[in-house]
>>> print(open('query-v4.csv').read())   # CSV, C-alpha atoms
chain,number,residue,atom,x,y,z
C,200,MET,CA,12.6,18.0,14.6
C,201,THR,CA,9.6,19.6,16.4
C,202,SER,CA,7.9,17.3,18.9
C,203,ILE,CA,4.2,16.8,18.6
C,204,THR,CA,1.7,17.4,21.4
C,205,GLU,CA,-1.8,16.0,22.2
C,206,ALA,CA,-3.2,19.3,21.0
C,207,ASP,CA,-1.5,18.9,17.6
C,208,ILE,CA,-2.8,15.3,17.4
C,209,GLN,CA,-6.4,16.4,18.2
C,210,GLY,CA,-6.3,19.1,15.5
C,211,GLN,CA,-5.0,16.7,12.9
C,212,LEU,CA,-7.4,13.9,14.1
C,213,ALA,CA,-10.3,16.2,13.2
C,214,ARG,CA,-8.7,16.7,9.7
C,215,LEU,CA,-8.3,13.0,9.3
C,216,THR,CA,-12.0,12.5,10.3
C,217,GLU,CA,-12.9,15.0,7.6
C,218,LEU,CA,-10.8,13.0,5.1
C,219,ARG,CA,-12.7,9.8,6.0
C,220,SER,CA,-16.0,11.6,5.6
C,221,ALA,CA,-15.0,13.0,2.2
C,222,ILE,CA,-14.0,9.6,0.9
C,223,GLY,CA,-17.3,8.3,2.2
C,224,GLN,CA,-19.1,10.7,-0.1
C,225,ALA,CA,-18.2,8.3,-3.0
C,226,ILE,CA,-17.4,5.0,-1.2
C,227,VAL,CA,-20.1,3.0,0.7
C,228,GLY,CA,-18.7,0.8,3.5
C,229,GLN,CA,-15.2,-0.6,3.3
C,230,GLY,CA,-14.3,1.1,6.5
C,231,GLU,CA,-11.4,-1.2,7.3
C,232,VAL,CA,-10.0,-0.9,3.7
C,233,VAL,CA,-10.2,2.9,3.9
C,234,GLU,CA,-8.4,2.8,7.3
C,235,GLN,CA,-5.6,0.6,6.0
C,236,LEU,CA,-5.1,2.8,2.9
C,237,LEU,CA,-4.8,5.9,5.2
C,238,ILE,CA,-2.3,4.0,7.3
C,239,GLY,CA,-0.3,3.2,4.3
C,240,LEU,CA,-0.4,6.9,3.2
C,241,LEU,CA,0.6,8.2,6.7
C,242,ALA,CA,3.4,5.6,6.9
C,243,GLY,CA,4.7,6.6,3.5
C,244,GLY,CA,4.2,3.1,2.1
C,245,HIS,CA,2.6,1.4,-0.8
C,246,CYS,CA,-0.5,-0.9,-0.8
C,247,LEU,CA,-1.5,-4.0,-2.7
C,248,LEU,CA,-5.3,-4.4,-3.0
C,249,GLU,CA,-6.7,-7.8,-3.7
C,250,GLY,CA,-10.3,-8.3,-4.6
C,251,VAL,CA,-12.7,-9.5,-7.3
C,252,PRO,CA,-13.7,-7.0,-10.0
C,253,GLY,CA,-16.5,-4.5,-9.3
C,254,LEU,CA,-15.7,-3.7,-5.7
C,255,GLY,CA,-14.8,-0.1,-6.3
C,256,LYS,CA,-11.0,-0.3,-5.9
C,257,THR,CA,-10.4,2.3,-8.7
C,258,LEU,CA,-13.1,4.6,-7.4
C,259,LEU,CA,-11.6,4.4,-3.9
C,260,VAL,CA,-8.1,5.4,-5.2
C,261,ARG,CA,-9.5,8.3,-7.3
C,262,SER,CA,-11.6,9.5,-4.3
C,263,LEU,CA,-8.6,9.4,-2.1
C,264,GLY,CA,-6.7,11.5,-4.6
C,265,GLU,CA,-9.5,14.1,-4.9
C,266,ALA,CA,-9.9,14.4,-1.2
C,267,LEU,CA,-6.2,15.0,-0.8
C,268,LYS,CA,-5.8,17.3,-3.8
C,269,LEU,CA,-3.2,15.0,-5.2
C,270,GLU,CA,-2.5,14.1,-8.8
C,271,PHE,CA,-3.9,10.7,-9.7
C,272,ARG,CA,-3.0,8.5,-12.6
C,273,ARG,CA,-4.2,5.0,-13.5
C,274,VAL,CA,-2.2,2.5,-15.6
C,275,GLN,CA,-4.0,-0.6,-16.8
C,276,PHE,CA,-1.3,-3.4,-16.8
C,277,THR,CA,-1.5,-5.7,-19.8
C,278,PRO,CA,0.7,-8.4,-21.2
C,279,ASP,CA,2.1,-6.1,-23.9
C,280,LEU,CA,2.8,-3.1,-21.6
C,281,MET,CA,6.5,-2.0,-21.8
C,282,PRO,CA,8.6,-0.4,-19.0
C,283,SER,CA,8.7,2.9,-21.0
C,284,ASP,CA,4.9,3.0,-21.0
C,285,ILE,CA,5.2,3.5,-17.2
C,286,LEU,CA,8.5,5.3,-16.7
C,287,GLY,CA,8.7,7.4,-19.8
C,288,THR,CA,11.1,7.6,-22.8
C,289,GLU,CA,13.5,9.9,-24.6
C,290,LEU,CA,12.2,11.9,-27.6
C,291,LEU,CA,14.5,13.2,-30.3
C,292,GLU,CA,13.7,16.9,-30.9
C,293,GLU,CA,15.0,19.2,-33.6
C,294,ASP,CA,15.4,23.0,-33.4
C,295,HIS,CA,14.1,24.1,-36.8
C,296,GLY,CA,16.0,27.4,-36.5
C,297,THR,CA,19.5,25.9,-35.9
C,298,GLY,CA,18.9,22.3,-37.0
C,299,HIS,CA,20.3,21.2,-33.7
C,300,ARG,CA,19.0,17.8,-32.4
C,301,SER,CA,18.7,16.8,-28.8
C,302,PHE,CA,17.0,14.2,-26.6
C,303,ARG,CA,14.3,15.2,-24.2
C,304,PHE,CA,13.0,12.9,-21.5
C,305,GLN,CA,9.2,12.5,-21.7
C,306,LYS,CA,7.9,11.6,-18.2
C,307,GLY,CA,5.6,8.6,-17.9
C,308,PRO,CA,2.5,8.2,-15.7
C,309,VAL,CA,4.7,7.1,-12.7
C,310,PHE,CA,5.4,10.8,-12.2
C,311,THR,CA,2.4,11.5,-10.1
C,312,ASN,CA,1.3,11.4,-6.4
C,313,LEU,CA,-1.1,8.5,-6.5
C,314,LEU,CA,-0.4,5.8,-9.1
C,315,LEU,CA,-3.0,3.1,-9.5
C,316,ALA,CA,-1.3,0.0,-11.0
C,317,ASP,CA,-4.4,-1.8,-12.0
C,318,GLU,CA,-4.1,-5.6,-12.3
C,319,LEU,CA,-0.3,-5.5,-11.8
C,320,ASN,CA,0.0,-9.3,-12.1
C,321,ARG,CA,-1.2,-9.2,-15.7
C,322,THR,CA,2.1,-7.8,-17.0
C,323,PRO,CA,5.4,-9.8,-17.5
C,324,PRO,CA,8.1,-9.5,-14.8
C,325,LYS,CA,10.2,-7.2,-16.9
C,326,THR,CA,7.5,-4.5,-16.8
C,327,GLN,CA,6.7,-5.3,-13.1
C,328,ALA,CA,10.3,-4.7,-12.3
C,329,ALA,CA,10.1,-1.2,-13.8
C,330,LEU,CA,8.3,-0.1,-10.6
C,331,LEU,CA,11.0,-1.4,-8.1
C,332,GLU,CA,13.2,1.7,-8.1
C,333,ALA,CA,10.3,4.0,-8.1
C,334,MET,CA,8.7,2.3,-5.1
C,335,GLN,CA,11.9,2.0,-3.1
C,336,GLU,CA,13.9,5.0,-3.9
C,337,LYS,CA,11.2,7.4,-5.2
C,338,THR,CA,13.3,8.0,-8.3
C,339,VAL,CA,13.4,6.9,-11.9
C,340,SER,CA,16.8,6.3,-13.7
C,341,TYR,CA,16.8,6.6,-17.4
C,342,ALA,CA,19.8,6.9,-19.8
C,343,GLY,CA,22.1,7.6,-16.9
C,344,VAL,CA,20.0,10.4,-15.4
C,345,THR,CA,18.1,10.1,-12.2
C,346,HIS,CA,14.7,11.8,-12.0
C,347,GLN,CA,13.0,12.6,-8.7
C,348,LEU,CA,9.4,11.6,-8.3
C,349,PRO,CA,6.9,14.1,-6.8
C,350,ALA,CA,6.2,13.9,-3.1
C,351,PRO,CA,4.2,12.4,-1.7
C,352,PHE,CA,4.4,9.3,-3.9
C,353,PHE,CA,2.0,6.4,-3.3
C,354,VAL,CA,1.5,3.3,-5.4
C,355,LEU,CA,-1.7,1.4,-5.1
C,356,ALA,CA,-1.7,-1.9,-7.0
C,357,THR,CA,-4.6,-4.3,-7.6
C,358,GLN,CA,-4.7,-7.9,-8.5
C,359,ASN,CA,-7.7,-10.2,-9.1
C,360,PRO,CA,-7.5,-13.4,-7.0
C,361,LEU,CA,-9.7,-15.3,-9.5
C,362,GLU,CA,-7.7,-14.4,-12.6
C,363,GLN,CA,-5.3,-17.2,-13.4
C,364,ALA,CA,-5.0,-17.4,-17.2
C,365,GLY,CA,-2.6,-14.8,-18.6
C,366,THR,CA,-1.2,-13.7,-15.2
C,367,TYR,CA,2.3,-13.4,-13.9
C,368,PRO,CA,2.6,-13.9,-10.1
C,369,LEU,CA,4.4,-11.0,-8.4
C,370,PRO,CA,7.9,-12.0,-7.4
C,371,GLU,CA,8.9,-11.8,-3.7
C,372,ALA,CA,11.1,-8.7,-4.3
C,373,GLN,CA,8.1,-6.9,-5.7
C,374,LEU,CA,5.7,-8.0,-3.0
C,375,ASP,CA,8.2,-6.9,-0.3
C,376,ARG,CA,8.0,-3.3,-1.5
C,377,PHE,CA,4.4,-3.1,-0.5
C,378,LEU,CA,3.8,-2.0,3.1
C,379,LEU,CA,0.3,-3.6,3.3
C,380,HIS,CA,-1.6,-6.3,1.4
C,381,ILE,CA,-5.2,-5.3,1.7
C,382,ARG,CA,-8.1,-7.7,1.1
C,383,VAL,CA,-11.2,-6.1,-0.4
C,384,ASP,CA,-14.2,-8.2,0.4
C,385,TYR,CA,-17.8,-8.1,-0.7
C,386,PRO,CA,-20.1,-5.5,0.9
C,387,THR,CA,-22.8,-6.3,3.4
C,388,GLU,CA,-26.4,-6.5,2.2
C,389,GLN,CA,-27.2,-3.0,3.4
C,390,GLU,CA,-24.0,-1.6,2.0
C,391,GLU,CA,-24.8,-3.2,-1.4
C,392,MET,CA,-28.3,-1.7,-1.4
C,393,ASP,CA,-26.8,1.7,-0.6
C,394,ILE,CA,-24.3,1.3,-3.5
C,395,LEU,CA,-27.0,0.4,-5.9
C,396,ALA,CA,-29.1,3.4,-4.8
C,397,GLN,CA,-26.2,5.8,-4.9
C,398,THR,CA,-24.7,4.7,-8.3
C,399,THR,CA,-27.9,4.5,-10.3
C,400,GLY,CA,-29.2,7.9,-9.4
C,401,ALA,CA,-29.2,11.1,-11.5
C,402,LYS,CA,-26.0,12.5,-10.0
C,403,ALA,CA,-23.0,11.0,-8.3
C,404,ASN,CA,-21.7,12.5,-5.0
C,405,ALA,CA,-18.7,14.8,-5.4
C,406,VAL,CA,-15.7,14.3,-3.2
C,407,PRO,CA,-14.6,17.5,-1.5
C,408,ALA,CA,-10.9,18.3,-1.2
C,409,VAL,CA,-10.0,18.5,2.5
C,410,MET,CA,-6.3,18.1,2.8
C,411,HIS,CA,-3.2,19.1,0.8
C,412,GLY,CA,-0.1,17.0,0.0
C,413,GLU,CA,2.0,19.2,2.3
C,414,GLU,CA,-0.2,18.2,5.2
C,415,VAL,CA,0.3,14.5,4.3
C,416,LEU,CA,4.1,15.0,4.3
C,417,ALA,CA,3.9,16.6,7.7
C,418,LEU,CA,1.8,13.8,9.1
C,419,GLN,CA,4.4,11.3,7.7
C,420,THR,CA,7.1,12.9,9.8
C,421,TRP,CA,4.8,12.8,12.8
C,422,VAL,CA,4.3,9.1,12.4
C,423,ARG,CA,8.0,8.4,13.1
C,424,GLN,CA,7.7,10.4,16.4
C,425,VAL,CA,5.0,8.1,17.8
C,426,HIS,CA,6.3,6.2,20.8
C,427,PHE,CA,7.1,2.5,20.3
C,428,SER,CA,8.1,0.8,23.6
C,429,ASP,CA,11.1,-1.6,23.9
C,430,ASP,CA,8.7,-4.4,24.8
C,431,LEU,CA,6.8,-4.0,21.6
C,432,LEU,CA,10.0,-3.7,19.6
C,433,ARG,CA,11.3,-7.0,21.1
C,434,TRP,CA,7.9,-8.6,20.3
C,435,VAL,CA,7.9,-7.6,16.7
C,436,THR,CA,11.5,-8.7,16.3
C,437,ARG,CA,10.8,-12.2,17.8
C,438,MET,CA,7.6,-12.6,15.8
C,439,VAL,CA,9.3,-11.8,12.5
C,440,ARG,CA,12.3,-14.1,13.3
C,441,ALA,CA,9.9,-16.8,14.3
C,442,SER,CA,8.3,-16.7,10.8
C,443,ARG,CA,11.5,-18.2,9.4
C,444,PRO,CA,11.5,-22.0,9.6
C,445,GLY,CA,15.2,-22.3,10.4
C,446,GLU,CA,15.4,-20.0,13.4
C,447,GLY,CA,13.7,-22.0,16.2
C,448,ALA,CA,10.3,-21.4,14.7
C,449,PRO,CA,7.1,-23.0,16.2
C,450,ASP,CA,6.0,-26.4,14.8
C,451,ASP,CA,3.3,-24.8,12.6
C,452,ILE,CA,5.7,-22.5,11.0
C,453,ARG,CA,8.3,-25.2,10.2
C,454,LYS,CA,5.5,-27.2,8.7
C,455,TYR,CA,3.6,-24.6,6.7
C,456,VAL,CA,6.2,-21.9,5.8
C,457,LYS,CA,9.0,-22.4,3.2
C,458,TRP,CA,10.4,-18.9,3.5
C,459,GLY,CA,9.7,-16.4,6.3
C,460,ALA,CA,9.6,-12.7,6.4
C,461,GLY,CA,12.7,-10.5,6.1
C,462,PRO,CA,13.7,-7.4,8.2
C,463,ARG,CA,11.6,-5.1,6.0
C,464,ALA,CA,8.5,-6.9,7.5
C,465,GLY,CA,9.5,-5.6,11.0
C,466,GLN,CA,10.1,-2.1,9.7
C,467,SER,CA,6.8,-2.1,7.9
C,468,LEU,CA,4.9,-3.5,10.9
C,469,ILE,CA,6.4,-0.8,13.2
C,470,LEU,CA,5.7,2.1,10.8
C,471,ALA,CA,2.2,0.9,10.1
C,472,THR,CA,1.5,0.4,13.8
C,473,LYS,CA,2.7,4.0,14.5
C,474,ALA,CA,0.5,5.3,11.7
C,475,ARG,CA,-2.6,3.5,13.1
C,476,ALA,CA,-1.9,4.9,16.6
C,477,LEU,CA,-1.7,8.4,15.1
C,478,LEU,CA,-4.9,7.8,13.1
C,479,HIS,CA,-6.7,6.9,16.3
C,480,GLY,CA,-5.4,10.0,18.1
C,481,ARG,CA,-2.6,8.4,20.2
C,482,LEU,CA,1.1,9.2,20.6
C,483,ALA,CA,2.0,5.7,21.5
C,484,ALA,CA,1.6,2.4,19.8
C,485,THR,CA,-0.2,-0.5,21.5
C,486,ARG,CA,-0.4,-4.3,21.3
C,487,GLU,CA,-3.8,-3.9,19.7
C,488,ASP,CA,-2.3,-1.9,16.8
C,489,ILE,CA,0.2,-4.7,16.1
C,490,VAL,CA,-2.4,-7.4,16.2
C,491,ALA,CA,-4.7,-5.4,13.9
C,492,LEU,CA,-1.9,-5.0,11.3
C,493,ALA,CA,0.1,-8.2,11.6
C,494,ALA,CA,-1.8,-10.0,8.8
C,495,PRO,CA,-1.9,-7.1,6.2
C,496,VAL,CA,1.9,-6.5,6.8
C,497,MET,CA,3.0,-10.2,6.7
C,498,ARG,CA,0.5,-12.1,4.5
C,499,HIS,CA,2.4,-11.3,1.3
C,500,ARG,CA,5.8,-11.8,2.8
C,501,LEU,CA,5.4,-15.5,3.7
C,502,LEU,CA,6.1,-18.2,1.1
C,503,LEU,CA,3.9,-21.2,2.1
C,504,SER,CA,4.9,-24.8,1.7
C,505,PHE,CA,3.2,-27.5,-0.2
C,506,ALA,CA,1.8,-28.9,3.1
C,507,ALA,CA,0.0,-25.6,3.7
C,508,GLU,CA,-1.6,-25.6,0.3
C,509,ALA,CA,-2.5,-29.3,0.7
C,510,GLU,CA,-4.2,-28.7,4.0
C,511,GLY,CA,-5.8,-25.4,3.0
C,512,ARG,CA,-3.8,-23.2,5.3
C,513,SER,CA,-3.5,-19.5,4.3
C,514,ALA,CA,-0.9,-16.9,5.2
C,515,ASP,CA,-3.4,-15.4,7.6
C,516,ASP,CA,-3.6,-18.7,9.5
C,517,VAL,CA,0.1,-18.7,9.8
C,518,VAL,CA,0.2,-15.1,11.1
C,519,ALA,CA,-2.5,-16.0,13.6
C,520,ALA,CA,-0.3,-18.9,14.7
C,521,LEU,CA,2.6,-16.6,15.1
C,522,LEU,CA,0.6,-14.2,17.3
C,523,ARG,CA,-0.3,-17.2,19.6
C,524,ALA,CA,3.1,-18.8,19.7
C,525,VAL,CA,5.1,-15.6,20.3
C,526,PRO,CA,3.8,-14.0,23.5
C,527,LEU,CA,4.4,-10.3,24.5
C,528,SER,CA,6.5,-10.4,27.6
>>> encode(input="query-v4.csv", output="structure tokens")
Amino acid sequence: MTSITEADIQGQLARLTELRSAIGQAIVGQGEVVEQLLIGLLAGGHCLLEGVPGLGKTLLVRSLGEALKLEFRRVQFTPDLMPSDILGTELLEEDHGTGHRSFRFQKGPVFTNLLLADELNRTPPKTQAALLEAMQEKTVSYAGVTHQLPAPFFVLATQNPLEQAGTYPLPEAQLDRFLLHIRVDYPTEQEEMDILAQTTGAKANAVPAVMHGEEVLALQTWVRQVHFSDDLLRWVTRMVRASRPGEGAPDDIRKYVKWGAGPRAGQSLILATKARALLHGRLAATREDIVALAAPVMRHRLLLSFAAEAEGRSADDVVAALLRAVPLS
């Protein structure tokens, strides 16, 4: 594998700056959300976006696809959606000349580069599970045949925190497949004014294409070459293990956490941290990178106890307690 240099980083950093600017042609504000999406993309992971309707989540994903020249598809998840509506199905075809009949696999919308799984928690577990293999193995198995998904492959799923009726909470196995759980908040007053002015005018801003999928794949290989010190590795390991109530966890963890994070949390935190370092033009990860991404990586991997719900403690509160209780030494 070819090693990367500071000159390589500076060249690609300029490209990533262009990518941010291109997305900004359609998206006002949401700088932290855009950064976390790019981190997920560079790390080769999937992202779960949570926010109330109307905050531009679909527009953000579409703009990302346009700026990267990637194929984008959107699936609206509903209670009657079937796995075949996502993965595809076999069609019986007949050759009118010979009368011979054969089955042909008709690919579903999952065969794309960017898949927006809109309101993923509105579909039953059977359909939710249809994405598990695709997200983990980047393949789809149907009728004994394994089909490879295009590269890069990136799932962005959304869920509405206010929607309770008619929803099916995502199981832990599904949540663990997401690299980051991103919170999309309301814009500031100035940002909201800019949104209103931009979206009610005569013409919407076009998103220029500034990067190809091949460049994204190259950057994903670079991420794994970013240096991650042994001290940081030990810190991440201790922090993930401390999130489990039965492994000498701090008092707050034993009280507020029912099930802690698994090894995939540590893998995700390291990869995301490396991606953030690369995004900021560095060849080495730092403590600040880990602190910035600890909550998005771990908030959906912690199962809180009844005591946490009763006292109004969130997963982010628990992650903050972990950062305080497990020092970097």
>>> closest_residue(input="query-v4.csv", among="C:Val439, C:Pro278, C:Gly343, C:Leu418", to="C:Tyr367", atoms="all atoms listed in the file")
C:Pro278
>>> closest_residue(input="query-v4.csv", among="C:Trp434, C:Phe377, C:Phe276, C:Tyr341", to="C:Met497", atoms="only C-alpha atoms")
C:Phe377
>>> residues_near_point(input="query-v4.csv", point="(-1.0, -0.8, 19.2)", cutoff="12 Å", atoms="all atoms listed in the file", output="ChimeraX atom specification")
/C:425-428,430-432,434-435,468-493
>>> residues_around(input="query-v4.csv", residues="C:Val339", least_positions_apart="2", cutoff="9 Å", atoms="only C-alpha atoms", output="PyMOL selection string")
chain C and resi 286+309-310+329-330+332-333+336-337+341+344-348
>>> residues_around(input="query-v4.csv", residues="C:Asp451", least_positions_apart="5", cutoff="9 Å", atoms="only C-alpha atoms", output="MDAnalysis selection string")
chainID C and resid 456 517 520:521
>>> closest_residue(input="query-v4.csv", among="C:Thr326, C:Gln305, C:Asn359, C:Gln235", to="C:Pro252", atoms="only C-alpha atoms")
C:Asn359
>>> closest_residue(input="query-v4.csv", among="C:Gln389, C:Ser220, C:Thr322, C:Ser442", to="C:Arg500", atoms="all atoms listed in the file")
C:Ser442
>>> atom_distance(input="query-v4.csv", atom1="atom CA of C:Leu369", atom2="atom CA of C:Gly461")
16.7 Å
>>> atom_distance(input="query-v4.csv", atom1="atom CA of C:His380", atom2="atom CA of C:Leu248")
6.1 Å
>>> closest_residue(input="query-v4.csv", among="C:Arg321, C:Arg463, C:His245, C:Arg376", to="C:Asp279", atoms="only C-alpha atoms")
C:Arg321
>>> residues_around(input="query-v4.csv", residues="C:Arg214", least_positions_apart="3", cutoff="8 Å", atoms="only C-alpha atoms", output="PyMOL selection string")
chain C and resi 210-211+217-218+409-410
>>> atom_distance(input="query-v4.csv", atom1="atom CA of C:Pro407", atom2="atom CA of C:Gln224")
8.3 Å
>>> closest_atom_pairs(input="query-v4.csv", of="stretch 280-335 of chain C", to="stretch 262-268 of chain C", cutoff="12 Å", atoms="all atoms listed in the file", output="tab-separated table")
residue	atom	partner	partner_atom	distance
C:Thr311	CA	C:Gly264	CA	10.6
C:Asn312	CA	C:Gly264	CA	8.2
C:Leu313	CA	C:Gly264	CA	6.6
C:Leu314	CA	C:Gly264	CA	9.6
C:Leu315	CA	C:Gly264	CA	10.4
>>> closest_residue(input="query-v4.csv", among="C:Val274, C:Val525, C:Ala514, C:Leu503", to="C:Pro308", atoms="all atoms listed in the file")
C:Val274
>>> residues_around(input="query-v4.csv", residues="C:Leu319", least_positions_apart="6", cutoff="9 Å", atoms="only C-alpha atoms", output="MDAnalysis selection string")
chainID C and resid 275:277 327 356:358 366:367 369
>>> write_last_selection(input="query-v4.csv", atoms="C-alpha atoms", output="mmCIF file, keeping the file's coordinate frame")
data_model
loop_
_atom_site.group_PDB
_atom_site.id
_atom_site.type_symbol
_atom_site.label_atom_id
_atom_site.label_comp_id
_atom_site.auth_asym_id
_atom_site.auth_seq_id
_atom_site.Cartn_x
_atom_site.Cartn_y
_atom_site.Cartn_z
ATOM 1 C CA GLN C 275 -4.000 -0.600 -16.800
ATOM 2 C CA PHE C 276 -1.300 -3.400 -16.800
ATOM 3 C CA THR C 277 -1.500 -5.700 -19.800
ATOM 4 C CA GLN C 327 6.700 -5.300 -13.100
ATOM 5 C CA ALA C 356 -1.700 -1.900 -7.000
ATOM 6 C CA THR C 357 -4.600 -4.300 -7.600
ATOM 7 C CA GLN C 358 -4.700 -7.900 -8.500
ATOM 8 C CA THR C 366 -1.200 -13.700 -15.200
ATOM 9 C CA TYR C 367 2.300 -13.400 -13.900
ATOM 10 C CA LEU C 369 4.400 -11.000 -8.400
#
>>> residues_around(input="query-v4.csv", residues="C:Gly243", least_positions_apart="5", cutoff="9 Å", atoms="all atoms listed in the file", output="list in words")
Ile238, Pro351, Phe352, Phe353, Leu378, Leu416, Gln419 and Leu470 of chain C
